[in-house]
file final.tsv (TSV, C-alpha atoms)
chain	number	residue	atom	x	y	z
A	1	MET	CA	97.65	50.23	72.67
A	2	ALA	CA	97.87	47.51	75.34
A	3	LEU	CA	99.00	44.21	73.87
A	4	SER	CA	100.53	42.77	77.05
A	5	ALA	CA	100.23	43.28	80.77
A	6	SER	CA	100.46	47.05	81.14
A	7	SER	CA	102.87	49.22	83.02
A	8	SER	CA	100.27	49.56	85.80
A	9	ALA	CA	100.66	45.89	86.63
A	10	GLN	CA	104.44	46.15	86.31
A	11	GLN	CA	104.52	49.19	88.59
A	12	ALA	CA	102.49	47.32	91.20
A	13	ARG	CA	104.90	44.38	91.05
A	14	GLN	CA	107.86	46.75	91.28
A	15	ALA	CA	106.39	48.50	94.33
A	16	LEU	CA	106.00	45.15	96.07
A	17	ALA	CA	109.56	44.16	95.17
A	18	ASP	CA	110.86	47.49	96.47
A	19	ARG	CA	109.02	47.01	99.76
A	20	LEU	CA	110.52	43.54	100.24
A	21	ALA	CA	113.99	44.89	99.48
A	22	GLU	CA	113.40	47.66	102.04
A	23	LEU	CA	112.47	45.12	104.72
A	24	CYS	CA	115.68	43.26	103.91
A	25	ARG	CA	117.81	46.40	104.30
A	26	ASP	CA	116.02	47.46	107.51
A	27	ALA	CA	116.83	44.06	109.01
A	28	GLY	CA	120.49	44.45	108.04
A	29	LEU	CA	120.31	41.48	105.71
A	30	SER	CA	121.44	40.81	102.16
A	31	GLY	CA	119.57	38.92	99.51
A	32	ARG	CA	121.88	35.98	100.11
A	33	ASP	CA	121.02	36.08	103.82
A	34	ILE	CA	117.32	35.94	102.98
A	35	ALA	CA	117.91	32.98	100.66
A	36	GLU	CA	119.82	31.11	103.36
A	37	ARG	CA	117.14	31.71	105.98
A	38	CYS	CA	114.37	30.69	103.59
A	39	GLU	CA	116.38	27.78	102.17
A	40	TRP	CA	116.18	29.13	98.63
A	41	HIS	CA	118.66	29.27	95.79
A	42	PRO	CA	120.56	32.58	96.16
A	43	SER	CA	119.32	33.88	92.81
A	44	LYS	CA	115.68	33.71	93.91
A	45	SER	CA	116.02	36.60	96.34
A	46	SER	CA	117.65	38.73	93.67
A	47	ARG	CA	114.91	37.94	91.14
A	48	ILE	CA	112.22	38.87	93.65
A	49	MET	CA	113.90	42.13	94.72
A	50	ASN	CA	114.36	43.16	91.09
A	51	ALA	CA	110.74	42.31	90.20
A	52	ARG	CA	111.88	39.73	87.66
A	53	THR	CA	110.02	36.94	89.48
A	54	PRO	CA	106.79	37.67	91.37
A	55	PRO	CA	106.75	36.19	94.88
A	56	SER	CA	104.04	33.80	96.00
A	57	ALA	CA	102.08	34.36	99.20
A	58	ASP	CA	104.27	31.70	100.87
A	59	ASP	CA	107.39	33.51	99.64
A	60	ILE	CA	106.17	36.72	101.27
A	61	ARG	CA	105.47	34.93	104.55
A	62	ALA	CA	108.94	33.39	104.57
A	63	TRP	CA	110.59	36.70	103.62
A	64	CYS	CA	108.86	38.66	106.35
A	65	ARG	CA	109.68	36.05	108.99
A	66	ALA	CA	113.32	36.04	107.90
A	67	CYS	CA	113.34	39.84	108.38
A	68	GLY	CA	111.48	39.75	111.69
A	69	ALA	CA	108.59	41.64	110.10
A	70	ASP	CA	105.67	39.28	110.64
A	71	ASP	CA	103.37	42.28	111.10
A	72	GLN	CA	103.87	43.16	107.41
A	73	ILE	CA	102.68	39.83	106.02
A	74	ASP	CA	98.99	40.62	105.59
A	75	ASP	CA	99.57	44.00	103.93
A	76	LEU	CA	102.16	42.64	101.52
A	77	ILE	CA	100.00	39.68	100.53
A	78	ALA	CA	97.18	42.15	99.88
A	79	SER	CA	99.57	44.11	97.62
A	80	LEU	CA	100.42	40.88	95.80
A	81	ARG	CA	96.73	40.16	95.18
A	82	THR	CA	96.25	43.69	93.83
A	83	ALA	CA	99.13	43.28	91.38
A	84	GLU	CA	97.86	39.86	90.29
A	85	GLY	CA	94.35	41.21	89.82
A	86	MET	CA	95.41	43.81	87.27
A	87	TRP	CA	95.98	41.14	84.66
A	88	VAL	CA	93.67	38.13	84.57
A	89	GLY	CA	93.79	35.53	81.82
A	90	TRP	CA	90.41	34.50	80.45
A	91	ARG	CA	90.81	30.89	81.56
A	92	ARG	CA	91.48	31.97	85.13
A	93	MET	CA	88.68	34.55	85.09
A	94	GLU	CA	86.15	32.09	83.70
A	95	ARG	CA	87.26	28.87	85.37
A	96	ALA	CA	84.10	28.81	87.49
A	97	GLY	CA	81.93	29.55	84.47
A	98	LEU	CA	80.70	32.55	82.53
A	99	LYS	CA	77.97	33.47	85.03
A	100	GLN	CA	80.45	34.25	87.80
A	101	ALA	CA	82.57	36.36	85.43
A	102	GLN	CA	79.47	38.40	84.56
A	103	GLU	CA	78.37	38.84	88.17
A	104	ALA	CA	81.84	39.87	89.33
A	105	ARG	CA	81.58	43.17	87.44
A	106	LEU	CA	78.23	44.24	88.89
A	107	PRO	CA	79.60	46.19	91.92
A	108	LEU	CA	81.81	48.24	89.58
A	109	TYR	CA	78.83	49.08	87.39
A	110	GLN	CA	76.70	50.02	90.38
A	111	ARG	CA	79.20	52.53	91.77
A	112	THR	CA	80.09	54.14	88.44
A	113	ARG	CA	78.29	57.28	87.29
A	114	ARG	CA	80.04	58.00	83.97
A	115	PHE	CA	80.68	55.17	81.54
A	116	ARG	CA	82.72	55.44	78.36
A	117	SER	CA	82.92	52.38	76.12
A	118	TYR	CA	84.77	51.81	72.86
A	119	SER	CA	84.34	48.61	70.89
A	120	SER	CA	86.06	47.43	67.74
A	121	TRP	CA	84.98	43.78	68.00
A	122	LEU	CA	81.41	43.38	69.29
A	123	VAL	CA	78.45	45.48	70.38
A	124	PRO	CA	79.18	46.52	74.01
A	125	GLY	CA	77.61	44.14	76.52
A	126	MET	CA	75.62	46.90	78.19
A	127	VAL	CA	73.57	47.43	75.02
A	128	GLN	CA	73.37	43.88	73.70
A	129	THR	CA	70.06	42.10	73.11
A	130	ARG	CA	69.46	38.76	74.78
A	131	PRO	CA	69.85	36.77	71.51
A	132	TYR	CA	73.08	38.62	70.64
A	133	THR	CA	74.51	37.99	74.12
A	134	THR	CA	73.49	34.35	73.93
A	135	SER	CA	75.26	33.93	70.57
A	136	ALA	CA	78.40	35.69	71.82
A	137	LEU	CA	78.65	33.72	75.08
A	138	GLN	CA	77.88	30.41	73.40
A	139	ALA	CA	80.78	31.04	71.02
A	140	ILE	CA	83.09	31.82	73.96
A	141	GLN	CA	81.91	28.78	75.90
A	142	ARG	CA	82.58	26.44	72.98
A	143	ARG	CA	85.89	28.01	71.99
A	144	ARG	CA	87.33	27.92	75.51
A	145	GLY	CA	85.80	24.61	76.55
A	146	LEU	CA	84.05	26.10	79.59
A	147	VAL	CA	81.25	24.68	81.71
A	148	ASP	CA	77.95	25.37	79.96
A	149	ASP	CA	76.24	27.96	82.14
A	150	VAL	CA	75.48	30.27	79.21
A	151	ALA	CA	71.79	30.70	80.10
A	152	ASP	CA	72.69	31.87	83.62
A	153	ALA	CA	75.46	34.11	82.31
A	154	VAL	CA	73.07	35.73	79.84
A	155	ALA	CA	70.58	36.36	82.63
A	156	ALA	CA	73.33	37.98	84.73
A	157	ARG	CA	74.32	40.29	81.87
A	158	MET	CA	70.70	41.26	81.23
A	159	GLU	CA	70.28	42.05	84.93
A	160	ARG	CA	73.39	44.21	84.83
A	161	GLN	CA	71.87	46.30	82.05
A	162	ARG	CA	69.43	47.76	84.59
A	163	VAL	CA	72.02	50.40	85.45
A	164	LEU	CA	71.21	52.01	82.08
A	165	TYR	CA	67.87	53.08	83.50
A	166	GLU	CA	68.70	53.71	87.16
A	167	GLY	CA	70.12	56.78	88.89
A	168	ASP	CA	71.90	59.67	87.24
A	169	ARG	CA	74.39	57.62	85.21
A	170	ARG	CA	75.70	58.79	81.82
A	171	PHE	CA	76.85	56.50	79.03
A	172	ALA	CA	78.94	57.20	75.93
A	173	PHE	CA	79.25	54.28	73.53
A	174	LEU	CA	81.58	54.27	70.52
A	175	VAL	CA	81.55	51.41	68.04
A	176	GLU	CA	83.43	50.89	64.83
A	177	GLU	CA	81.20	50.62	61.77
A	178	SER	CA	82.65	47.14	61.22
A	179	VAL	CA	80.91	46.04	64.45
A	180	LEU	CA	77.57	46.74	62.75
A	181	ARG	CA	78.52	44.58	59.78
A	182	SER	CA	80.38	41.71	61.45
A	183	GLY	CA	77.65	39.14	62.00
A	184	ILE	CA	77.14	37.08	65.11
A	185	GLY	CA	74.18	34.79	65.52
A	186	GLY	CA	72.92	35.25	61.98
A	187	SER	CA	70.85	37.85	60.14
A	188	GLU	CA	67.83	37.71	62.44
A	189	VAL	CA	69.91	38.23	65.58
A	190	MET	CA	71.87	41.06	63.98
A	191	THR	CA	68.74	42.78	62.71
A	192	GLY	CA	67.27	42.79	66.20
A	193	GLN	CA	70.53	44.00	67.70
A	194	LEU	CA	70.90	46.89	65.28
A	195	GLY	CA	67.32	47.96	65.87
A	196	HIS	CA	68.02	47.89	69.61
A	197	LEU	CA	71.01	50.21	69.12
A	198	ILE	CA	68.76	52.77	67.47
A	199	SER	CA	66.37	52.57	70.44
A	200	ILE	CA	69.17	52.86	72.99
A	201	ALA	CA	70.55	55.95	71.24
A	202	SER	CA	67.27	57.75	71.97
A	203	LEU	CA	67.75	57.54	75.73
A	204	PRO	CA	68.53	60.97	77.23
A	205	ASN	CA	71.52	59.69	79.22
A	206	VAL	CA	73.10	57.81	76.29
A	207	SER	CA	75.41	58.97	73.52
A	208	LEU	CA	75.99	56.49	70.68
A	209	GLY	CA	78.70	57.21	68.14
A	210	VAL	CA	79.68	55.13	65.13
A	211	VAL	CA	83.19	55.48	63.72
A	212	PRO	CA	82.77	55.18	59.93
A	213	MET	CA	84.94	52.92	57.83
A	214	ARG	CA	87.18	55.03	55.64
A	215	PRO	CA	90.53	54.63	53.86
A	216	ASP	CA	92.30	57.70	55.27
A	217	ARG	CA	91.96	57.50	59.07
A	218	GLU	CA	94.81	58.91	61.14
A	219	ARG	CA	93.55	57.35	64.41
A	220	TRP	CA	93.34	53.62	63.75
A	221	PRO	CA	91.07	51.19	65.65
A	222	ALA	CA	92.21	50.00	69.07
A	223	GLU	CA	91.39	47.18	71.46
A	224	GLY	CA	88.00	47.46	73.11
A	225	PHE	CA	87.97	49.24	76.46
A	226	TRP	CA	85.70	50.68	79.16
A	227	ILE	CA	86.42	53.76	81.27
A	228	TYR	CA	84.61	53.92	84.62
A	229	ASP	CA	84.38	57.53	85.85
A	230	ALA	CA	88.02	58.66	85.89
A	231	ALA	CA	89.10	55.89	88.23
A	232	GLN	CA	89.52	52.69	86.22
A	233	VAL	CA	89.91	51.28	82.73
A	234	ASN	CA	89.19	47.69	81.72
A	235	VAL	CA	90.66	46.39	78.47
A	236	GLU	CA	89.56	43.17	76.79
A	237	LEU	CA	92.44	41.52	74.95
A	238	ILE	CA	92.67	38.19	73.16
A	239	SER	CA	94.59	36.67	76.06
A	240	GLY	CA	92.94	38.24	79.08
A	241	TYR	CA	91.31	41.08	80.98
A	242	LEU	CA	93.36	44.08	82.04
A	243	THR	CA	92.46	46.49	84.83
A	244	LEU	CA	94.21	49.87	84.89
A	245	THR	CA	94.04	52.32	87.78
A	246	GLN	CA	97.26	54.29	87.29
A	247	PRO	CA	96.08	57.89	86.64
A	248	SER	CA	98.50	58.37	83.74
A	249	GLU	CA	97.21	55.26	81.97
A	250	VAL	CA	93.56	56.10	82.64
A	251	ALA	CA	94.30	59.49	81.10
A	252	MET	CA	95.82	57.83	78.02
A	253	TYR	CA	92.65	55.85	77.39
A	254	ALA	CA	90.50	58.92	78.04
A	255	GLU	CA	92.53	60.79	75.42
A	256	ALA	CA	92.16	57.90	72.97
A	257	PHE	CA	88.40	57.88	73.58
A	258	THR	CA	88.22	61.60	72.84
A	259	GLU	CA	90.17	61.16	69.61
A	260	LEU	CA	87.97	58.29	68.48
A	261	ALA	CA	84.84	60.21	69.46
A	262	GLU	CA	85.91	63.04	67.17
A	263	LEU	CA	85.95	60.60	64.24
A	264	ALA	CA	82.47	59.25	65.03
A	265	VAL	CA	79.09	60.33	63.69
A	266	TYR	CA	76.01	60.68	65.84
A	267	GLY	CA	72.26	61.13	65.61
A	268	ALA	CA	70.82	60.89	62.11
A	269	GLN	CA	74.20	60.05	60.58
A	270	ALA	CA	74.75	57.18	63.01
A	271	ARG	CA	71.22	55.90	62.39
A	272	ALA	CA	71.90	55.99	58.65
A	273	LEU	CA	74.96	53.75	59.08
A	274	ILE	CA	73.00	51.35	61.27
A	275	THR	CA	70.09	51.26	58.82
A	276	SER	CA	72.50	50.63	55.97
A	277	ALA	CA	73.98	47.68	57.90
A	278	VAL	CA	70.46	46.30	58.43
A	279	SER	CA	69.74	46.59	54.71
A	280	ALA	CA	72.94	44.74	53.89
A	281	LEU	CA	71.69	41.76	55.91
A	282	GLY	CA	69.06	41.24	53.21
call {"tool": "encode", "arguments": {"input": "final.tsv", "output": "structure tokens"}}
result
Amino acid sequence: MALSASSSAQQARQALADRLAELCRDAGLSGRDIAERCEWHPSKSSRIMNARTPPSADDIRAWCRACGADDQIDDLIASLRTAEGMWVGWRRMERAGLKQAQEARLPLYQRTRRFRSYSSWLVPGMVQTRPYTTSALQAIQRRRGLVDDVADAVAARMERQRVLYEGDRRFAFLVEESVLRSGIGGSEVMTGQLGHLISIASLPNVSLGVVPMRPDRERWPAEGFWIYDAAQVNVELISGYLTLTQPSEVAMYAEAFTELAELAVYGAQARALITSAVSALG
């Protein structure tokens, strides 16, 4: 569904480019004039105005001063930060360690009342056991060569799970059956994790669906994603973390969630698939 930076991020960059072009026109200047005043190559102004090259914060400062629009600098830099924040590579997101990346999401979780989560790779973090989380984060830490703050990151994720039991929040989790059978941490860790899923499914504010493996699906698996109320979607891709707020894109993921939910089984049928996965662990 989303294999590169989405159109939300592109639209944000385009809106910023359009605003800079508007300032240029309002000042009676051409792109070449801007380049001369900023001491740039003439093509740079064109690339910025056509959203082919994102401006830096210093570029925006120079542009606004060239147009006599110093009062616009702060707002436009804020717009730049918003566009940049929609797509964050894992290395950038985790450069200060895994703990900070975990803690950064807490305010979003605290203000959300309806959570929808679909996972085709791992058990969703909100319903992971401590050993499962430890195994997953240790693997990430080693693979990406990050500072080893796994213990602190695990503690932060466990603390974040408190929202499951607080307030009037509702949670709908969908996992592919393959998630139940793709081991992480070994048989003992997986057995504990699968048992925890059965317990979580009994909570009154939680719906747990398992999408069975079958050879004739019309709606194929997608990248894992979270929907927070109807305001935001986060997508975890191999290369980075995508945040979507464009209503049309949020609606696309909501529709995909509904389609996947219709393929899932719940209650006794879901428990049967989980129990079967436990049995397969030997």
call {"tool": "closest_residue", "arguments": {"input": "final.tsv", "among": "A:Gly185, A:Pro54, A:Pro215, A:Gly28", "to": "Ala139 of chain A", "atoms": "all atoms listed in the file"}}
result
A:Gly185
call {"tool": "residues_around", "arguments": {"input": "final.tsv", "residues": "Pro221 of chain A", "least_positions_apart": "2", "cutoff": "12 Å", "atoms": "all atoms listed in the file", "output": "count of residues only"}}
result
28
call {"tool": "atom_distance", "arguments": {"input": "final.tsv", "atom1": "atom CA of Thr112 of chain A", "atom2": "atom CA of Val233 of chain A"}}
result
11.7 Å
call {"tool": "residues_around", "arguments": {"input": "final.tsv", "residues": "Gln246 of chain A", "least_positions_apart": "2", "cutoff": "8 Å", "atoms": "all atoms listed in the file", "output": "MDAnalysis selection string"}}
result
chainID A and resid 8 232 244 248:250
call {"tool": "residues_around", "arguments": {"input": "final.tsv", "residues": "segment 47-51 of chain A", "least_positions_apart": "4", "cutoff": "12 Å", "atoms": "all atoms listed in the file", "output": "VMD selection string"}}
result
chain A and resid 9 to 25 30 to 32 34 to 35 40 to 43 55 to 56 59 to 60 63 80 83
call {"tool": "atom_distance", "arguments": {"input": "final.tsv", "atom1": "atom CA of Ile184 of chain A", "atom2": "atom CA of Glu166 of chain A"}}
result
28.9 Å
call {"tool": "closest_residue", "arguments": {"input": "final.tsv", "among": "A:Thr134, A:Phe171, A:Glu159, A:Gln72", "to": "Leu106 of chain A", "atoms": "all atoms listed in the file"}}
result
A:Glu159
call {"tool": "residues_around", "arguments": {"input": "final.tsv", "residues": "Ala280 of chain A", "least_positions_apart": "3", "cutoff": "12 Å", "atoms": "only C-alpha atoms", "output": "NGL selection string"}}
result
:A and (180-183 or 187 or 190-191 or 194 or 273-277)
call {"tool": "write_last_selection", "arguments": {"input": "final.tsv", "atoms": "C-alpha atoms", "output": "short mmCIF file (atom, residue, chain, number, x, y, z; two decimals), in the frame of the given file"}}
result
data_model
loop_
_atom_site.label_atom_id
_atom_site.label_comp_id
_atom_site.auth_asym_id
_atom_site.auth_seq_id
_atom_site.Cartn_x
_atom_site.Cartn_y
_atom_site.Cartn_z
CA LEU A 180 77.57 46.74 62.75
CA ARG A 181 78.52 44.58 59.78
CA SER A 182 80.38 41.71 61.45
CA GLY A 183 77.65 39.14 62.00
CA SER A 187 70.85 37.85 60.14
CA MET A 190 71.87 41.06 63.98
CA THR A 191 68.74 42.78 62.71
CA LEU A 194 70.90 46.89 65.28
CA LEU A 273 74.96 53.75 59.08
CA ILE A 274 73.00 51.35 61.27
CA THR A 275 70.09 51.26 58.82
CA SER A 276 72.50 50.63 55.97
CA ALA A 277 73.98 47.68 57.90
#
call {"tool": "residues_near_point", "arguments": {"input": "final.tsv", "point": "(85.2, 52.4, 79.6)", "cutoff": "6 Å", "atoms": "only C-alpha atoms", "output": "list in words"}}
result
Phe115, Arg116, Ser117, Phe225, Trp226, Ile227, Tyr228 and Val233 of chain A
call {"tool": "atom_distance", "arguments": {"input": "final.tsv", "atom1": "atom CA of Ala270 of chain A", "atom2": "atom CA of Ala136 of chain A"}}
result
23.5 Å
